[in-house]
file data-v2.cif (mmCIF, C-alpha atoms)
data_model
#
loop_
_atom_site.label_atom_id
_atom_site.label_comp_id
_atom_site.auth_asym_id
_atom_site.auth_seq_id
_atom_site.Cartn_x
_atom_site.Cartn_y
_atom_site.Cartn_z
CA MET R 1 6.99 -7.26 110.73
CA GLY R 2 4.31 -9.36 109.06
CA ARG R 3 1.04 -7.88 107.91
CA GLU R 4 -2.26 -9.10 109.32
CA PHE R 5 -3.94 -9.14 105.90
CA ASP R 6 -2.91 -9.40 102.28
CA LEU R 7 -5.64 -6.94 101.32
CA VAL R 8 -7.95 -4.53 103.12
CA VAL R 9 -10.89 -3.27 101.04
CA ILE R 10 -12.48 -0.06 102.33
CA GLY R 11 -16.08 0.18 101.15
CA GLY R 12 -18.74 -2.49 100.76
CA GLY R 13 -20.50 -1.40 97.58
CA LEU R 14 -20.47 -3.36 94.32
CA SER R 15 -16.85 -2.64 93.44
CA GLY R 16 -15.55 -3.26 96.97
CA ILE R 17 -17.44 -6.53 97.43
CA THR R 18 -16.37 -7.75 93.97
CA ALA R 19 -12.72 -7.01 94.73
CA ALA R 20 -12.90 -8.71 98.13
CA GLU R 21 -14.60 -11.82 96.72
CA LEU R 22 -12.12 -12.19 93.86
CA ALA R 23 -9.10 -11.69 96.11
CA ALA R 24 -10.42 -14.25 98.62
CA LYS R 25 -11.03 -16.80 95.85
CA LEU R 26 -7.44 -16.27 94.69
CA GLY R 27 -6.17 -17.22 98.13
CA MET R 28 -5.58 -13.82 99.70
CA LYS R 29 -6.41 -13.06 103.32
CA VAL R 30 -8.95 -10.26 103.00
CA ALA R 31 -10.65 -7.73 105.27
CA LEU R 32 -13.67 -5.70 104.16
CA VAL R 33 -14.55 -2.48 106.00
CA GLU R 34 -18.02 -0.91 105.66
CA LYS R 35 -19.60 1.71 107.91
CA MET R 36 -23.19 1.01 106.81
CA SER R 37 -25.00 -1.95 105.28
CA LEU R 38 -23.40 -3.82 102.39
CA GLY R 39 -24.37 -2.92 98.84
CA GLY R 40 -23.90 0.83 98.62
CA ASN R 41 -25.33 2.79 95.70
CA TYR R 42 -25.60 -0.37 93.61
CA ILE R 43 -28.16 -2.00 95.89
CA ASN R 44 -29.88 1.28 96.83
CA TYR R 45 -30.20 2.81 93.35
CA ASP R 46 -28.85 0.78 90.42
CA VAL R 47 -30.71 -2.45 91.17
CA PRO R 48 -34.12 -0.91 91.93
CA MET R 49 -33.86 1.46 88.95
CA ALA R 50 -33.05 -1.45 86.61
CA ALA R 51 -35.96 -3.50 87.99
CA MET R 52 -38.41 -0.61 87.65
CA HIS R 53 -37.21 0.07 84.11
CA GLU R 54 -37.71 -3.59 83.21
CA ALA R 55 -41.21 -3.58 84.70
CA LEU R 56 -42.06 -0.41 82.80
CA VAL R 57 -40.94 -1.95 79.51
CA GLU R 58 -42.90 -5.14 80.17
CA SER R 59 -46.04 -3.17 81.03
CA GLY R 60 -46.31 -1.89 77.49
CA GLY R 61 -43.53 0.50 76.61
CA GLN R 62 -44.81 3.66 74.99
CA ASN R 63 -48.45 2.72 75.60
CA ALA R 64 -47.63 2.30 79.27
CA LEU R 65 -46.77 6.00 79.40
CA ARG R 66 -50.37 6.78 78.51
CA ARG R 67 -51.75 4.35 81.12
CA HIS R 68 -49.35 5.55 83.80
CA PRO R 69 -48.35 2.27 85.47
CA SER R 70 -48.50 2.30 89.24
CA LEU R 71 -45.37 3.40 91.08
CA MET R 72 -46.34 0.90 93.77
CA THR R 73 -46.25 -1.90 91.18
CA LEU R 74 -42.79 -0.86 90.03
CA ARG R 75 -41.63 -0.63 93.65
CA GLY R 76 -42.76 -4.21 94.26
CA ARG R 77 -40.55 -5.35 91.40
CA ALA R 78 -37.67 -3.32 92.78
CA LYS R 79 -37.97 -4.82 96.27
CA ALA R 80 -37.83 -8.34 94.85
CA ALA R 81 -34.73 -7.49 92.80
CA VAL R 82 -32.95 -5.94 95.79
CA THR R 83 -33.66 -9.02 97.92
CA LYS R 84 -32.21 -11.24 95.19
CA GLU R 85 -29.08 -9.14 94.61
CA ARG R 86 -28.19 -8.25 98.19
CA ARG R 87 -25.01 -9.92 99.44
CA SER R 88 -25.30 -11.44 102.90
CA PRO R 89 -22.37 -10.91 105.28
CA GLN R 90 -22.38 -14.63 106.05
CA LYS R 91 -21.76 -15.56 102.41
CA LEU R 92 -18.72 -13.30 102.40
CA ARG R 93 -17.49 -14.78 105.67
CA ASP R 94 -17.89 -18.23 104.14
CA LEU R 95 -15.29 -17.15 101.55
CA GLY R 96 -12.92 -16.31 104.39
CA ILE R 97 -13.49 -12.53 104.22
CA ASN R 98 -13.22 -10.72 107.56
CA ILE R 99 -15.89 -8.01 107.82
CA PHE R 100 -15.41 -4.95 110.02
CA ASN R 101 -18.25 -2.49 110.61
CA GLY R 102 -17.07 1.07 111.06
CA THR R 103 -15.19 3.95 109.49
CA ALA R 104 -11.60 3.42 108.37
CA HIS R 105 -8.82 6.01 108.72
CA PHE R 106 -5.25 5.57 107.56
CA ILE R 107 -2.70 5.55 110.37
CA ASP R 108 0.29 5.21 108.08
CA LYS R 109 1.17 3.73 104.68
CA THR R 110 0.42 0.16 105.71
CA SER R 111 -2.38 0.29 108.28
CA VAL R 112 -5.83 1.71 109.01
CA ALA R 113 -7.84 2.14 112.18
CA VAL R 114 -11.43 0.94 112.42
CA GLY R 115 -12.73 2.00 115.80
CA ASN R 116 -10.22 0.69 118.33
CA ARG R 117 -8.92 -1.95 115.92
CA ARG R 118 -5.76 -1.52 113.84
CA LEU R 119 -5.64 -3.42 110.52
CA SER R 120 -2.32 -3.79 108.73
CA ALA R 121 -2.07 -5.06 105.17
CA ARG R 122 0.23 -5.45 102.17
CA HIS R 123 -2.30 -3.72 99.91
CA PHE R 124 -5.44 -1.60 100.18
CA ILE R 125 -8.32 -0.90 97.83
CA ILE R 126 -10.36 2.24 98.43
CA ALA R 127 -13.95 1.77 97.24
CA THR R 128 -15.82 4.20 99.47
CA GLY R 129 -18.18 5.48 96.77
CA SER R 130 -19.68 8.95 96.69
CA ALA R 131 -22.42 10.90 98.44
CA PRO R 132 -25.09 13.14 96.85
CA ARG R 133 -24.29 16.83 96.74
CA LEU R 134 -26.65 18.72 99.04
CA ASP R 135 -25.28 22.28 98.86
CA LEU R 136 -28.43 24.42 98.75
CA ALA R 137 -29.50 27.14 101.18
CA ASN R 138 -32.24 26.18 103.67
CA ILE R 139 -31.99 22.52 102.68
CA GLU R 140 -32.33 21.42 106.30
CA SER R 141 -35.79 23.04 106.55
CA VAL R 142 -37.27 21.25 103.50
CA HIS R 143 -37.71 17.50 103.20
CA THR R 144 -36.06 16.42 99.95
CA LEU R 145 -35.26 13.09 98.29
CA THR R 146 -31.91 11.75 97.14
CA PRO R 147 -32.00 9.48 94.04
CA SER R 148 -32.05 6.30 96.15
CA LEU R 149 -34.77 7.62 98.48
CA ALA R 150 -36.87 8.69 95.49
CA LEU R 151 -37.07 5.06 94.37
CA GLN R 152 -38.46 4.04 97.76
CA ARG R 153 -41.63 6.10 97.42
CA GLY R 154 -44.86 4.14 97.39
CA ARG R 155 -47.28 6.79 96.16
CA THR R 156 -46.95 8.74 92.94
CA PRO R 157 -46.44 12.46 93.68
CA ARG R 158 -48.60 14.84 91.64
CA GLU R 159 -45.70 17.19 90.84
CA VAL R 160 -41.95 16.59 91.08
CA ILE R 161 -38.95 18.84 90.62
CA VAL R 162 -35.68 17.12 89.76
CA ILE R 163 -32.61 19.30 90.32
CA GLY R 164 -29.77 18.08 88.11
CA ALA R 165 -30.02 16.83 84.52
CA GLY R 166 -27.15 14.38 84.51
CA ALA R 167 -27.51 10.61 84.34
CA ALA R 168 -29.52 10.06 87.55
CA GLY R 169 -31.59 13.20 87.07
CA CYS R 170 -32.73 12.21 83.58
CA GLU R 171 -33.41 8.62 84.66
CA LEU R 172 -35.60 9.82 87.52
CA ALA R 173 -37.35 12.52 85.47
CA SER R 174 -38.38 10.03 82.80
CA LEU R 175 -39.40 7.40 85.38
CA PHE R 176 -41.67 9.71 87.38
CA ALA R 177 -43.16 11.12 84.18
CA ALA R 178 -43.90 7.54 83.11
CA VAL R 179 -45.93 6.90 86.28
CA GLY R 180 -47.98 10.07 85.88
CA SER R 181 -46.17 12.81 87.78
CA LYS R 182 -45.81 16.28 86.31
CA VAL R 183 -42.04 16.68 86.20
CA THR R 184 -39.86 19.78 86.04
CA LEU R 185 -36.15 19.21 85.36
CA LEU R 186 -33.67 21.94 86.33
CA ASP R 187 -29.96 22.22 85.58
CA LYS R 188 -27.39 25.01 85.69
CA ALA R 189 -25.68 23.74 82.52
CA SER R 190 -26.64 24.77 78.99
CA ARG R 191 -27.89 21.27 78.12
CA ILE R 192 -28.95 18.02 79.73
CA LEU R 193 -26.72 14.92 79.92
CA PRO R 194 -23.40 16.79 79.61
CA ASP R 195 -21.42 13.53 79.54
CA VAL R 196 -23.39 12.18 76.56
CA GLU R 197 -22.69 12.96 72.92
CA THR R 198 -24.39 16.25 72.03
CA GLU R 199 -26.43 14.91 69.11
CA ILE R 200 -27.92 12.05 71.15
CA ALA R 201 -28.49 14.19 74.24
CA LYS R 202 -30.50 16.65 72.11
CA GLN R 203 -32.64 13.80 70.81
CA PHE R 204 -33.44 12.67 74.33
CA ALA R 205 -34.18 16.25 75.39
CA THR R 206 -36.79 16.40 72.63
CA LYS R 207 -38.31 13.09 73.77
CA LEU R 208 -38.42 14.30 77.38
CA SER R 209 -40.53 17.24 76.30
CA LYS R 210 -42.76 15.87 73.54
CA ARG R 211 -43.25 12.28 74.70
CA TYR R 212 -42.89 12.40 78.46
CA GLY R 213 -44.18 15.94 79.03
CA VAL R 214 -41.19 16.92 81.16
CA ARG R 215 -40.59 20.66 81.45
CA THR R 216 -36.83 21.16 81.18
CA HIS R 217 -35.09 24.38 82.20
CA THR R 218 -31.36 24.62 81.47
CA ASN R 219 -29.16 27.55 82.54
CA SER R 220 -31.23 27.43 85.73
CA GLN R 221 -29.11 27.13 88.85
CA ALA R 222 -30.94 26.23 92.06
CA VAL R 223 -29.63 28.22 95.02
CA ALA R 224 -32.17 27.77 97.82
CA LEU R 225 -35.21 25.82 98.98
CA GLN R 226 -38.30 26.97 100.84
CA ARG R 227 -41.39 25.42 102.39
CA GLN R 228 -44.75 27.06 101.60
CA GLY R 229 -47.55 25.10 103.26
CA ASP R 230 -47.73 21.69 101.57
CA ARG R 231 -45.58 22.90 98.66
CA LYS R 232 -41.81 22.90 98.29
CA VAL R 233 -40.21 25.77 96.39
CA VAL R 234 -36.92 25.98 94.52
CA HIS R 235 -35.34 29.43 94.14
CA LEU R 236 -33.08 29.96 91.11
CA SER R 237 -30.14 32.32 90.71
CA ASN R 238 -32.11 34.29 88.08
CA GLY R 239 -34.83 35.10 90.60
CA ARG R 240 -37.41 32.65 89.29
CA THR R 241 -39.08 29.94 91.40
CA HIS R 242 -40.63 26.52 90.82
CA ALA R 243 -42.92 24.65 93.24
CA ALA R 244 -43.90 21.00 93.58
CA ASP R 245 -44.96 18.29 96.03
CA GLU R 246 -41.54 16.64 96.03
CA ILE R 247 -37.98 17.71 95.21
CA ILE R 248 -35.36 15.21 94.10
CA LEU R 249 -31.72 16.27 94.42
CA ALA R 250 -29.63 14.80 91.60
CA MET R 251 -26.94 17.47 91.39
CA GLY R 252 -24.10 14.99 91.23
CA ALA R 253 -22.03 13.30 93.89
CA THR R 254 -18.89 13.99 95.90
CA PRO R 255 -16.26 11.25 96.48
CA GLN R 256 -16.23 10.08 100.09
CA LEU R 257 -12.58 10.51 101.02
CA ASP R 258 -12.61 11.23 104.75
CA LEU R 259 -9.90 8.63 105.36
CA GLU R 260 -6.95 10.79 106.48
CA LEU R 261 -5.26 9.89 103.19
CA HIS R 262 -2.27 12.16 103.89
CA ASN R 263 -1.12 9.69 106.56
CA ALA R 264 -0.66 7.09 103.81
CA GLY R 265 1.11 9.42 101.38
CA ILE R 266 -1.89 9.54 99.04
CA LYS R 267 -2.18 12.69 96.94
CA VAL R 268 -5.56 14.39 96.52
CA VAL R 269 -6.06 17.21 94.01
CA ARG R 270 -9.29 19.27 94.00
CA GLY R 271 -11.20 16.60 95.88
CA GLN R 272 -10.05 13.66 93.73
CA ILE R 273 -7.40 11.02 94.44
CA THR R 274 -4.55 11.01 91.94
CA VAL R 275 -4.37 7.59 90.24
CA ASP R 276 -2.37 6.15 87.35
CA GLU R 277 -3.64 3.97 84.48
CA ASN R 278 -3.32 0.92 86.76
CA LEU R 279 -5.66 2.52 89.36
CA ARG R 280 -2.77 2.98 91.81
CA THR R 281 -2.44 6.05 94.01
CA THR R 282 0.80 7.85 94.85
CA ASN R 283 1.15 5.13 97.50
CA LYS R 284 1.75 2.21 95.14
CA LYS R 285 0.24 -0.25 97.64
CA VAL R 286 -3.13 1.51 97.54
CA PHE R 287 -5.63 1.29 94.65
CA VAL R 288 -8.85 3.25 94.06
CA ILE R 289 -11.96 1.94 92.28
CA GLY R 290 -15.58 2.95 91.71
CA SER R 291 -17.25 6.32 92.06
CA CYS R 292 -14.86 7.57 94.76
CA ARG R 293 -12.50 8.18 91.83
CA GLY R 294 -14.96 10.79 90.61
CA GLY R 295 -17.55 10.74 87.84
CA ARG R 296 -20.26 8.21 87.12
CA ALA R 297 -19.39 4.59 87.88
CA GLY R 298 -22.03 2.24 86.53
CA ALA R 299 -22.07 -1.45 87.38
CA ALA R 300 -19.99 -2.46 84.34
CA ARG R 301 -17.20 0.01 85.10
CA SER R 302 -17.24 -0.87 88.82
CA LEU R 303 -16.85 -4.59 88.09
CA GLN R 304 -14.05 -4.01 85.58
CA GLU R 305 -12.11 -1.74 87.93
CA ALA R 306 -12.48 -4.19 90.84
CA ARG R 307 -11.07 -7.04 88.78
CA LEU R 308 -8.27 -4.88 87.39
CA ALA R 309 -7.16 -3.74 90.84
CA VAL R 310 -6.99 -7.31 92.18
CA ILE R 311 -5.15 -8.51 89.06
CA ASN R 312 -2.58 -5.75 89.49
CA ILE R 313 -2.10 -6.64 93.15
CA MET R 314 -1.50 -10.29 92.24
CA ASN R 315 0.70 -9.53 89.22
CA ARG R 316 3.69 -7.54 90.40
CA MET R 317 5.73 -7.82 87.20
CA GLN R 318 3.34 -6.60 84.51
CA LYS R 319 0.50 -4.27 85.40
CA ALA R 320 -2.79 -4.28 83.53
CA TYR R 321 -4.40 -0.96 82.62
CA MET R 322 -7.99 0.14 82.38
CA GLN R 323 -9.68 -0.32 79.01
CA TYR R 324 -13.09 1.33 78.94
CA SER R 325 -14.62 -1.10 76.47
CA VAL R 326 -17.65 -1.85 78.64
CA VAL R 327 -21.10 -0.55 77.82
CA ASP R 328 -22.32 2.21 80.14
CA THR R 329 -26.11 2.32 80.09
CA LEU R 330 -28.68 4.87 81.26
CA LEU R 331 -32.29 3.74 81.74
CA LEU R 332 -34.48 6.47 80.31
CA GLY R 333 -38.18 5.65 80.51
CA ASP R 334 -38.71 2.50 78.42
CA GLU R 335 -35.53 3.10 76.38
CA GLU R 336 -31.82 2.78 77.05
CA LEU R 337 -28.98 5.14 76.26
CA ALA R 338 -25.84 3.04 75.85
CA GLN R 339 -22.30 4.33 75.39
CA ILE R 340 -19.04 2.59 74.58
CA GLY R 341 -15.46 3.75 74.09
CA LEU R 342 -14.32 7.33 73.51
CA PRO R 343 -16.68 10.29 73.04
CA GLU R 344 -15.86 12.78 70.31
CA SER R 345 -14.61 15.34 72.85
CA GLU R 346 -11.95 12.87 74.06
CA CYS R 347 -10.93 12.09 70.47
CA LYS R 348 -10.38 15.82 69.94
CA ARG R 349 -8.43 16.16 73.19
CA ARG R 350 -6.12 13.33 72.15
CA LYS R 351 -5.79 14.83 68.66
CA LEU R 352 -6.83 11.57 67.04
CA ARG R 353 -7.72 11.28 63.38
CA TYR R 354 -11.34 10.14 63.36
CA GLN R 355 -14.61 10.07 61.45
CA VAL R 356 -18.12 10.62 62.84
CA PHE R 357 -21.26 8.97 61.50
CA VAL R 358 -24.67 9.98 62.89
CA ARG R 359 -27.89 8.30 61.84
CA ASP R 360 -31.13 8.77 63.76
CA SER R 361 -30.35 7.82 67.38
CA LEU R 362 -26.88 6.34 66.72
CA LYS R 363 -23.48 8.05 66.72
CA LEU R 364 -20.47 5.98 65.67
CA ILE R 365 -16.84 7.18 65.78
CA THR R 366 -14.09 5.35 63.87
CA THR R 367 -10.49 5.94 62.96
CA GLY R 368 -10.07 8.08 59.86
CA GLY R 369 -8.34 7.48 56.56
CA SER R 370 -9.41 5.87 53.33
CA GLY R 371 -8.10 2.52 52.21
CA LYS R 372 -7.46 1.43 55.76
CA LYS R 373 -9.33 -0.75 58.21
CA ASN R 374 -11.51 1.47 60.38
CA GLN R 375 -11.20 0.73 64.10
CA ILE R 376 -14.19 1.64 66.25
CA LEU R 377 -13.33 4.35 68.77
CA GLY R 378 -16.76 4.91 70.31
CA ALA R 379 -20.51 4.61 69.89
CA THR R 380 -23.67 6.02 71.49
CA LEU R 381 -27.17 4.67 70.92
CA LEU R 382 -30.60 5.71 72.23
CA ALA R 383 -33.10 2.90 71.66
CA PRO R 384 -34.91 0.00 73.33
CA ASN R 385 -32.35 -2.75 74.13
CA ALA R 386 -29.49 -0.36 73.28
CA GLU R 387 -27.05 -2.16 75.59
CA LEU R 388 -27.68 -5.50 73.86
CA ILE R 389 -27.32 -3.96 70.41
CA LEU R 390 -23.97 -2.35 71.28
CA LEU R 391 -22.40 -5.56 72.62
CA PRO R 392 -20.81 -6.46 69.23
CA ILE R 393 -19.37 -2.95 69.11
CA ALA R 394 -17.99 -3.41 72.63
CA LEU R 395 -16.32 -6.65 71.53
CA ALA R 396 -14.85 -4.95 68.46
CA THR R 397 -13.53 -2.07 70.58
CA ARG R 398 -11.92 -4.46 73.05
CA THR R 399 -10.35 -6.81 70.50
CA GLY R 400 -9.43 -4.34 67.77
CA ILE R 401 -11.79 -5.82 65.17
CA SER R 402 -12.29 -3.35 62.34
CA ILE R 403 -15.59 -2.25 60.82
CA GLN R 404 -14.66 -4.23 57.73
CA GLU R 405 -14.35 -7.40 59.84
CA LEU R 406 -17.43 -6.83 61.98
CA ASN R 407 -20.36 -9.09 61.19
CA LEU R 408 -23.47 -7.85 62.98
CA PRO R 409 -26.24 -10.40 63.56
CA THR R 410 -29.39 -9.91 61.54
CA SER R 411 -32.07 -8.52 63.82
CA ALA R 412 -35.59 -7.20 63.60
CA LEU R 413 -34.59 -4.40 65.98
CA SER R 414 -34.81 -1.13 64.07
CA ALA R 415 -31.73 0.23 65.86
CA ASN R 416 -29.69 -2.69 64.58
CA TYR R 417 -30.80 -1.94 61.04
CA ILE R 418 -29.70 1.67 61.56
CA MET R 419 -26.28 0.48 62.72
CA GLN R 420 -25.94 -1.84 59.74
CA SER R 421 -26.82 1.08 57.46
CA VAL R 422 -24.21 3.32 59.08
CA ILE R 423 -21.54 0.62 58.76
CA HIS R 424 -22.49 0.23 55.10
CA ASP R 425 -21.86 3.96 54.63
CA ILE R 426 -18.49 3.71 56.41
CA LEU R 427 -17.36 0.96 54.06
CA LYS R 428 -18.09 3.24 51.10
CA VAL R 429 -15.90 6.06 52.46
#
call {"tool": "encode", "arguments": {"input": "data-v2.cif", "output": "structure tokens"}}
result
Amino acid sequence: MGREFDLVVIGGGLSGITAAELAAKLGMKVALVEKMSLGGNYINYDVPMAAMHEALVESGGQNALRRHPSLMTLRGRAKAAVTKERRSPQKLRDLGINIFNGTAHFIDKTSVAVGNRRLSARHFIIATGSAPRLDLANIESVHTLTPSLALQRGRTPREVIVIGAGAAGCELASLFAAVGSKVTLLDKASRILPDVETEIAKQFATKLSKRYGVRTHTNSQAVALQRQGDRKVVHLSNGRTHAADEIILAMGATPQLDLELHNAGIKVVRGQITVDENLRTTNKKVFVIGSCRGGRAGAARSLQEARLAVINIMNRMQKAYMQYSVVDTLLLGDEELAQIGLPESECKRRKLRYQVFVRDSLKLITTGGSGKKNQILGATLLAPNAELILLPIALATRTGISIQELNLPTSALSANYIMQSVIHDILKV
């Protein structure tokens, strides 16, 4: 029996749309299923956050923090960016992509149901994204903001509590501090930014306090919310409370996997789909990309995974595997925190022989051993234009260029001078 489609993509965020567009351009008959509007977290959070960060930098950088630029001004920039980036359904249809609005559920290994419609396909890509965690007592009685809703505010709140000090939490804490809000940042972990190298995360924690005036409380687990007049109160497990005008919930996200995956023979362990290095599930006709795989999925990773999945569907003989040589960037106030390659914790887990070089706001990890060419394993940088500065490192990581062969461009950027200095030290080892 023939299949109706070559590929059905479930999820219309950045990774899902990218996969559908590429597959259609390569001649595949494609269906795209989305239960809400197209764009997902990329259009609702990533794009407006990037635009507001850019506007903040242009308004004067560090001096702007003293002037407290208007949140309304930043929002205007964000709206314009969202309008520019938003994909129209008609443009996708012009590529030959069939769009279905609704929720998809697997019927068997080769078909899904969307409403009363059954879609059969040779391959599937799951790109359903993730949803904010909202597991606090009394949450239904207190109006709170998710990260994407926080960026839609027009007026600057006087006091803000951000629950969760991961990537989104730190981005939002520094942004609202920059526009004049008094910000309290809470997290149950022992430090902020747990997925960032410890040395660099500590540096940013210091900046949050001394430069931005953010009050950070680690080892502080929020357990319940309460409304007290015009104030909103967070209750912690240690009995303490914090109150503010607004509460932003940035406690992480849960993969959206309500797809009846068992019908398709897809294994799920502890809330995450089991995938191999080619992004395939236990059903080899189904691939998973984006944040529904778990963890943070920035735009660069989402694009790379979308392309990889389509390439592996087209190339049956030799599968490509994921190489995380893209720069993952956090937008922290008027600075960027950029990461590339393997963190030190992963190097330890893999029992690699490596060297670590830390200088100011840069951490560089290379292969160990004297008298040999040092391959770059990973790098983390906190600085203005950090993503741009790390691009040569990303290229070296991807192509296997050694430190000895790397020729960084001369730049007036102080961070680039720091990197050149670190590389000079490596060559002396």
call {"tool": "resolve_selection", "arguments": {"input": "data-v2.cif", "expression": "the PyMOL selection byres ((chain R and resi 375-387) around 6)", "output": "MDAnalysis selection string"}}
result
chainID R and resid 335:342 361:367 374 388:390 397 402
call {"tool": "atom_distance", "arguments": {"input": "data-v2.cif", "atom1": "CA of Leu71 in chain R", "atom2": "CA of Leu175 in chain R"}}
result
9.2 Å
call {"tool": "closest_residue", "arguments": {"input": "data-v2.cif", "among": "R:Gln226, R:Leu92, R:Leu172, R:Glu58", "to": "Leu136 in chain R", "atoms": "only C-alpha atoms"}}
result
R:Gln226
call {"tool": "atom_distance", "arguments": {"input": "data-v2.cif", "atom1": "CA of Thr198 in chain R", "atom2": "CA of Ala167 in chain R"}}
result
13.9 Å
call {"tool": "atom_distance", "arguments": {"input": "data-v2.cif", "atom1": "CA of Ala299 in chain R", "atom2": "CA of Gly400 in chain R"}}
result
23.5 Å
call {"tool": "decode", "arguments": {"input": "data-v2.cif", "residues": "range 104-120 of chain R", "atoms": "N, CA, C and O atoms", "output": "PDB file, in the first residue's frame"}}
result
ATOM      1  N   ALA R 104      -1.676  15.758  16.571  1.00  0.00           N
ATOM      2  CA  ALA R 104      -1.385  14.470  15.936  1.00  0.00           C
ATOM      3  C   ALA R 104      -1.218  13.377  16.986  1.00  0.00           C
ATOM      4  O   ALA R 104      -0.648  13.615  18.060  1.00  0.00           O
ATOM      5  N   HIS R 105      -1.718  12.189  16.674  1.00  0.00           N
ATOM      6  CA  HIS R 105      -1.528  11.004  17.514  1.00  0.00           C
ATOM      7  C   HIS R 105      -1.183   9.841  16.601  1.00  0.00           C
ATOM      8  O   HIS R 105      -1.821   9.648  15.561  1.00  0.00           O
ATOM      9  N   PHE R 106      -0.182   9.059  16.998  1.00  0.00           N
ATOM     10  CA  PHE R 106       0.184   7.906  16.183  1.00  0.00           C
ATOM     11  C   PHE R 106      -0.884   6.832  16.287  1.00  0.00           C
ATOM     12  O   PHE R 106      -1.361   6.495  17.377  1.00  0.00           O
ATOM     13  N   ILE R 107      -1.260   6.299  15.121  1.00  0.00           N
ATOM     14  CA  ILE R 107      -2.197   5.180  15.049  1.00  0.00           C
ATOM     15  C   ILE R 107      -1.422   3.870  15.022  1.00  0.00           C
ATOM     16  O   ILE R 107      -1.760   2.904  15.697  1.00  0.00           O
ATOM     17  N   ASP R 108      -0.358   3.883  14.228  1.00  0.00           N
ATOM     18  CA  ASP R 108       0.537   2.732  14.133  1.00  0.00           C
ATOM     19  C   ASP R 108       1.910   3.249  13.710  1.00  0.00           C
ATOM     20  O   ASP R 108       2.183   4.442  13.809  1.00  0.00           O
ATOM     21  N   LYS R 109       2.775   2.373  13.220  1.00  0.00           N
ATOM     22  CA  LYS R 109       4.146   2.764  12.900  1.00  0.00           C
ATOM     23  C   LYS R 109       4.267   3.650  11.671  1.00  0.00           C
ATOM     24  O   LYS R 109       5.301   4.285  11.462  1.00  0.00           O
ATOM     25  N   THR R 110       3.222   3.716  10.868  1.00  0.00           N
ATOM     26  CA  THR R 110       3.325   4.467   9.614  1.00  0.00           C
ATOM     27  C   THR R 110       2.213   5.487   9.406  1.00  0.00           C
ATOM     28  O   THR R 110       2.055   6.009   8.306  1.00  0.00           O
ATOM     29  N   SER R 111       1.442   5.802  10.448  1.00  0.00           N
ATOM     30  CA  SER R 111       0.360   6.768  10.251  1.00  0.00           C
ATOM     31  C   SER R 111       0.002   7.473  11.551  1.00  0.00           C
ATOM     32  O   SER R 111       0.192   6.940  12.643  1.00  0.00           O
ATOM     33  N   VAL R 112      -0.507   8.699  11.383  1.00  0.00           N
ATOM     34  CA  VAL R 112      -0.998   9.485  12.521  1.00  0.00           C
ATOM     35  C   VAL R 112      -2.406   9.964  12.207  1.00  0.00           C
ATOM     36  O   VAL R 112      -2.804  10.068  11.045  1.00  0.00           O
ATOM     37  N   ALA R 113      -3.130  10.290  13.271  1.00  0.00           N
ATOM     38  CA  ALA R 113      -4.457  10.879  13.127  1.00  0.00           C
ATOM     39  C   ALA R 113      -4.391  12.340  13.531  1.00  0.00           C
ATOM     40  O   ALA R 113      -3.798  12.687  14.554  1.00  0.00           O
ATOM     41  N   VAL R 114      -4.992  13.196  12.707  1.00  0.00           N
ATOM     42  CA  VAL R 114      -5.130  14.614  13.023  1.00  0.00           C
ATOM     43  C   VAL R 114      -6.612  14.927  12.899  1.00  0.00           C
ATOM     44  O   VAL R 114      -7.145  15.059  11.788  1.00  0.00           O
ATOM     45  N   GLY R 115      -7.301  15.005  14.036  1.00  0.00           N
ATOM     46  CA  GLY R 115      -8.751  15.114  13.987  1.00  0.00           C
ATOM     47  C   GLY R 115      -9.327  13.845  13.381  1.00  0.00           C
ATOM     48  O   GLY R 115      -8.997  12.726  13.797  1.00  0.00           O
ATOM     49  N   ASN R 116     -10.159  14.010  12.363  1.00  0.00           N
ATOM     50  CA  ASN R 116     -10.752  12.859  11.680  1.00  0.00           C
ATOM     51  C   ASN R 116      -9.924  12.398  10.487  1.00  0.00           C
ATOM     52  O   ASN R 116     -10.317  11.476   9.770  1.00  0.00           O
ATOM     53  N   ARG R 117      -8.778  13.033  10.263  1.00  0.00           N
ATOM     54  CA  ARG R 117      -7.956  12.737   9.099  1.00  0.00           C
ATOM     55  C   ARG R 117      -6.825  11.786   9.472  1.00  0.00           C
ATOM     56  O   ARG R 117      -6.162  11.947  10.505  1.00  0.00           O
ATOM     57  N   ARG R 118      -6.582  10.796   8.645  1.00  0.00           N
ATOM     58  CA  ARG R 118      -5.473   9.863   8.829  1.00  0.00           C
ATOM     59  C   ARG R 118      -4.393  10.188   7.803  1.00  0.00           C
ATOM     60  O   ARG R 118      -4.662  10.248   6.602  1.00  0.00           O
ATOM     61  N   LEU R 119      -3.155  10.424   8.294  1.00  0.00           N
ATOM     62  CA  LEU R 119      -2.019  10.735   7.422  1.00  0.00           C
ATOM     63  C   LEU R 119      -1.008   9.597   7.488  1.00  0.00           C
ATOM     64  O   LEU R 119      -0.498   9.280   8.569  1.00  0.00           O
ATOM     65  N   SER R 120      -0.737   8.986   6.358  1.00  0.00           N
ATOM     66  CA  SER R 120       0.274   7.929   6.310  1.00  0.00           C
ATOM     67  C   SER R 120       1.519   8.466   5.613  1.00  0.00           C
ATOM     68  O   SER R 120       1.438   9.316   4.726  1.00  0.00           O
TER      69      SER R 120
END
